[in-house]
Amino acid sequence: MSTYGNFSAPIGSRRAPALRTVGTRERRSHLTAPRVPTVGIDIGGTKVMAGVVDADGNILEKVRAETPDKSKSPKVVEDTIVELVLDLSDRHDVHAVGIGAAGWIDADRNRVLFAPHLNWRNEPLRDRISGRLSVPVLVDNDANTAAWAEWRFGAGRGEDHLVMITLGTGIGGAILEDGQVKRGKYGVAGEFGHMQVVPGGHRCPCGNRGCWEQYSSGNALVREARELAAADSPVAYGIVEHVKGSIADITGPMITELAREGDAMCVELLQDIGQWLGVGIANLAAALDPSCFVIGGGVSAADDLLIGPARDAFKRHLTGRGYRPEARIVRAQLGPEAGMVGAADLARLVARRFRRAKRRRVERYERYERFAEFRRTRDTA
């Protein structure tokens with residue numbers, strides 16, 4: 001089913017949001033037109049978050065739902081997306097829907113080729129959701145949507161060459177140049193987390209060894225803390241006491257919290273993660289030469305406990321250091337809602353195309369009606 005073509009009754013839902021035609025001609029800039037609210041969707045491993053976002057990046061309303069049965073069928077997540085959008089459409093005029101998914105998206109931005117935390121393999125997400133909602137739908141990688149939001153409304157404003165790195169369970173990434181997301185020939189650019197930085201190193205779920213995300217991510221942080229705790233290391237005494245001996249309860253946010261309180265081991269672990277982050281950023285600077293690196297994702301909540309060591313390591317490992325300009329390294333500003341805001345803003349582009357097509361259909365229909373009325377008047381004369 002085409003994204004823009006079929007607007008019949010929705011399949012598997014009780015109603016479809018109606019798109020309203022706006023009479024005034026939208027501006028030519030793809031960043032400012034049309035200034036209509038759109039819905040952004042952020043899909044995580046266990047939840048779906050949806051929000052109505054205006055043209056200035058403000059969230060007008062946000063809802064979320066858990067997806068505990070995610071592993072059984074992709075339809076469970078699709079059903080959740082549809083219900084959230086329908087809920088929001090009761091109170092807002094929904095013009096388009098943008099979806100940021102944690103996975104590889106094909107070059108046409110229709111199919112989720114692979115999602116590590118969901119049971120999606122070559123899933124035609126865009127067509128299925130647009131068919132059920134009867135509105136234009138855009139699908140993109142969640143790091144791309146987050147980078148777009150930070151460039152438009154956050155830490156990357158004013159930058160013409162930006163790289164975003166998202167530190168969560170693993171590492172995601174995105175590249176923006178001159179206002180365009182660089183997706184690569186097959187749509188899967190920006191998978192920085194799977195650069196191999198330690199030959200023969202830790203095994204990665206991707207199948208390789210020594211991937212960057214095995215040394216600088218939430219998983220790496222928790223793994224190191226649990227290994228020290230399991231080995232009865234004296235430096236782990238504080239965190240073991242905090243979890244009352246239950247090592248499996250150690251989490252990334254807990255490590256960050258204890259580091260802020262001065263726990264020496266937790267501070268050191270974040271420094272290690274930050275140093276590996278800086279090494280990887282130096283490699284990316286050698287390859288891409290951006291003006292700014294924006295660090296987002298859950299682990300970035302550690303702020304200078306993480307980003308300070310990353311900046312130091314970046315300066316030590318940067319090729320040509322001392323003889324070239326250095327990119328800025330900044331923390332993302334929009335937090336966990338960046339992917340949702342970016343998806344909604346990117347969806348505004350397909351909303352514009354849809355509205356133009358709809359306006360042309362309306363104009364053709366009006367011309368036909370005028371011609372039919374002319375013939376009726378002539379025939380009765």
# chains A, B, ... in the order shown; residues from 1 in each chain; ligands from 1
$ residues_around --residues "region 47-53 of chain A" --least-positions-apart "4" --cutoff "10 Å" --atoms "only C-alpha atoms" --output "VMD selection string"
chain A and resid 36 to 43 57 to 68 70 77 to 78 80 to 81 84 to 85 87 to 89 91 to 94 97 to 99 101 337 339 to 345 348
$ residues_around --residues "Val135 (chain A)" --least-positions-apart "5" --cutoff "7 Å" --atoms "only C-alpha atoms" --output "PyMOL selection string"
chain A and resi 95-96+130
$ write_last_selection --atoms "N, CA, C and O atoms" --output "mmCIF file, in the first residue's frame"
data_model
loop_
_atom_site.group_PDB
_atom_site.id
_atom_site.type_symbol
_atom_site.label_atom_id
_atom_site.label_comp_id
_atom_site.auth_asym_id
_atom_site.auth_seq_id
_atom_site.Cartn_x
_atom_site.Cartn_y
_atom_site.Cartn_z
ATOM 1 N N HIS A 95 -1.544 15.477 11.326
ATOM 2 C CA HIS A 95 -1.274 15.643 9.906
ATOM 3 C C HIS A 95 -0.330 14.583 9.353
ATOM 4 O O HIS A 95 -0.350 14.301 8.165
ATOM 5 N N ALA A 96 0.524 14.022 10.185
ATOM 6 C CA ALA A 96 1.469 12.997 9.749
ATOM 7 C C ALA A 96 2.084 12.363 10.991
ATOM 8 O O ALA A 96 2.008 12.907 12.087
ATOM 9 N N SER A 130 0.713 3.243 7.966
ATOM 10 C CA SER A 130 -0.030 4.218 7.160
ATOM 11 C C SER A 130 -1.339 3.614 6.670
ATOM 12 O O SER A 130 -2.348 4.316 6.553
#
$ atom_distance --atom1 "CA of Phe293 (chain A)" --atom2 "CA of Gly262 (chain A)"
27.7 Å
$ select_by_dssp --residues "region 139-374 of chain A" --states "alpha helix (DSSP H)" --output "ChimeraX atom specification"
/A:142-153,218-230,237-242,252-260,264-288,304-317,338-374
$ closest_residue --among "A:Glu227, A:Asp303, A:Asp106, A:Asp142" --to "Arg331 (chain A)" --atoms "only C-alpha atoms"
A:Asp303
$ atom_distance --atom1 "CA of Ala149 (chain A)" --atom2 "CA of Leu334 (chain A)"
7.8 Å
$ closest_residue --among "A:Ala327, A:Ala107, A:Leu221, A:Ile307" --to "Ala189 (chain A)" --atoms "only C-alpha atoms"
A:Ala107
